[in-house]
Amino acid sequence: MSRIERTAEGPGPFTTRLTWRLGDGGTAVWESRRARKRGLLTVRAAGDSEPRSRRADSTSVSRLRRLNAMAAGAFAVGGGLFASGAAVAQFGAGDVTGAWIYFVGGLFFNTGGYVSLLQAVNAPRQDDEMGALAARRWRWWSYEPGRIDWLSTFLLFVGTLVFGINLLSSLLQGLSAQQVDRLIWAPDMVGCALFLVSGHLALVEVCHGRPGIRARDLGWWIVAVNQLGSLLFLGAALADFTRPATGSVVNVDIANWGTLMGALCFSVGGLLQYFERP
């Protein structure tokens, strides 16, 4: 199957969509997120009125289903635990119980972040000769910053690890206001920033450039809901700053409610992600 022309699309230096115009008049289209999440290419043979999907090999499809289920479950449960921790902090008996709930929820976020990275690392790659997606050797790690899907999921995973520093530090007792800001608030802000950058990259990936609305695209809804959650987390983190002079938080209600609503967004995103599978 010979190709006479290849067109690349994507934001900046990244490629999120490749279109091949075939010598027989047909086309084949590879899209980054669709291939990574669903294991699909879009092809249109010469003379066909409608395009059709071409599925990756069975090994790739099996991998994608397992990884998708693990990531979706981890974010759904982690988001639910974060929401519970915020509810306990707002309405419950004390900060210690809420801190432990946050910590366990953070472990689920760590898992979801790493499995999302594994999805990018082990995504089926397009075969230029056969016009199909094919599995590569399984890897637990890669370094591919030139790929937008790898960079987005890598930053997401690092963000969950930075949140882990925040959550572990929150279990400590007797910290001064300065120590709270350095060990808890600062990592929280860094984690929020990494989540936002990761979400922006995911958004431009699914939009193949400038962010827009793709109401009929499940992947867009997942990314948009998660990005809203990241914004709510950022608002909560800003409100959770401890004033050194007084030792009081800027606004504890905004901090708790922002965390609760942001966590619910990630939980909903995890549930939606379960349906974005091969």
# chains A, B, ... in the order shown; residues from 1 in each chain; ligands from 1
call {"tool": "residues_around", "arguments": {"residues": "Ala86 (chain A)", "least_positions_apart": "4", "cutoff": "8 Å", "atoms": "only C-alpha atoms", "output": "list of chain:residue names"}}
result
A:Phe82, A:Gln90, A:Gly98, A:Asn256, A:Trp257, A:Thr259, A:Leu260
call {"tool": "select_by_dssp", "arguments": {"residues": "region 92-174 of chain A", "states": "alpha helix (DSSP H)", "output": "MDAnalysis selection string"}}
result
chainID A and resid 95:121 148:169
call {"tool": "closest_residue", "arguments": {"among": "A:Gly92, A:Gly25, A:Gly113, A:Gly39", "to": "Ser152 (chain A)", "atoms": "only C-alpha atoms"}}
result
A:Gly113
call {"tool": "closest_residue", "arguments": {"among": "A:Gly262, A:Gly78, A:Pro11, A:Pro211", "to": "Asn226 (chain A)", "atoms": "only C-alpha atoms"}}
result
A:Gly262
call {"tool": "select_by_dssp", "arguments": {"residues": "region 17-178 of chain A", "states": "strand (DSSP E)", "output": "list in words"}}
result
Arg17, Leu18, Thr19, Trp20, Arg21, Leu22, Thr27, Ala28, Val29, Trp30, Glu31, Leu40, Leu41, Thr42, Val43, Arg44, Arg52, Ser53, Arg54, Arg55, Arg125, Gln126, Asp127, Ala132, Leu133 and Ala134 of chain A
call {"tool": "atom_distance", "arguments": {"atom1": "CA of Ala89 (chain A)", "atom2": "CA of Leu175 (chain A)"}}
result
17.9 Å
call {"tool": "residues_around", "arguments": {"residues": "region 188-191 of chain A", "least_positions_apart": "4", "cutoff": "12 Å", "atoms": "only C-alpha atoms", "output": "PyMOL selection string"}}
result
chain A and resi 106+109-110+155-170+180-184+195-198+230-241+255+259
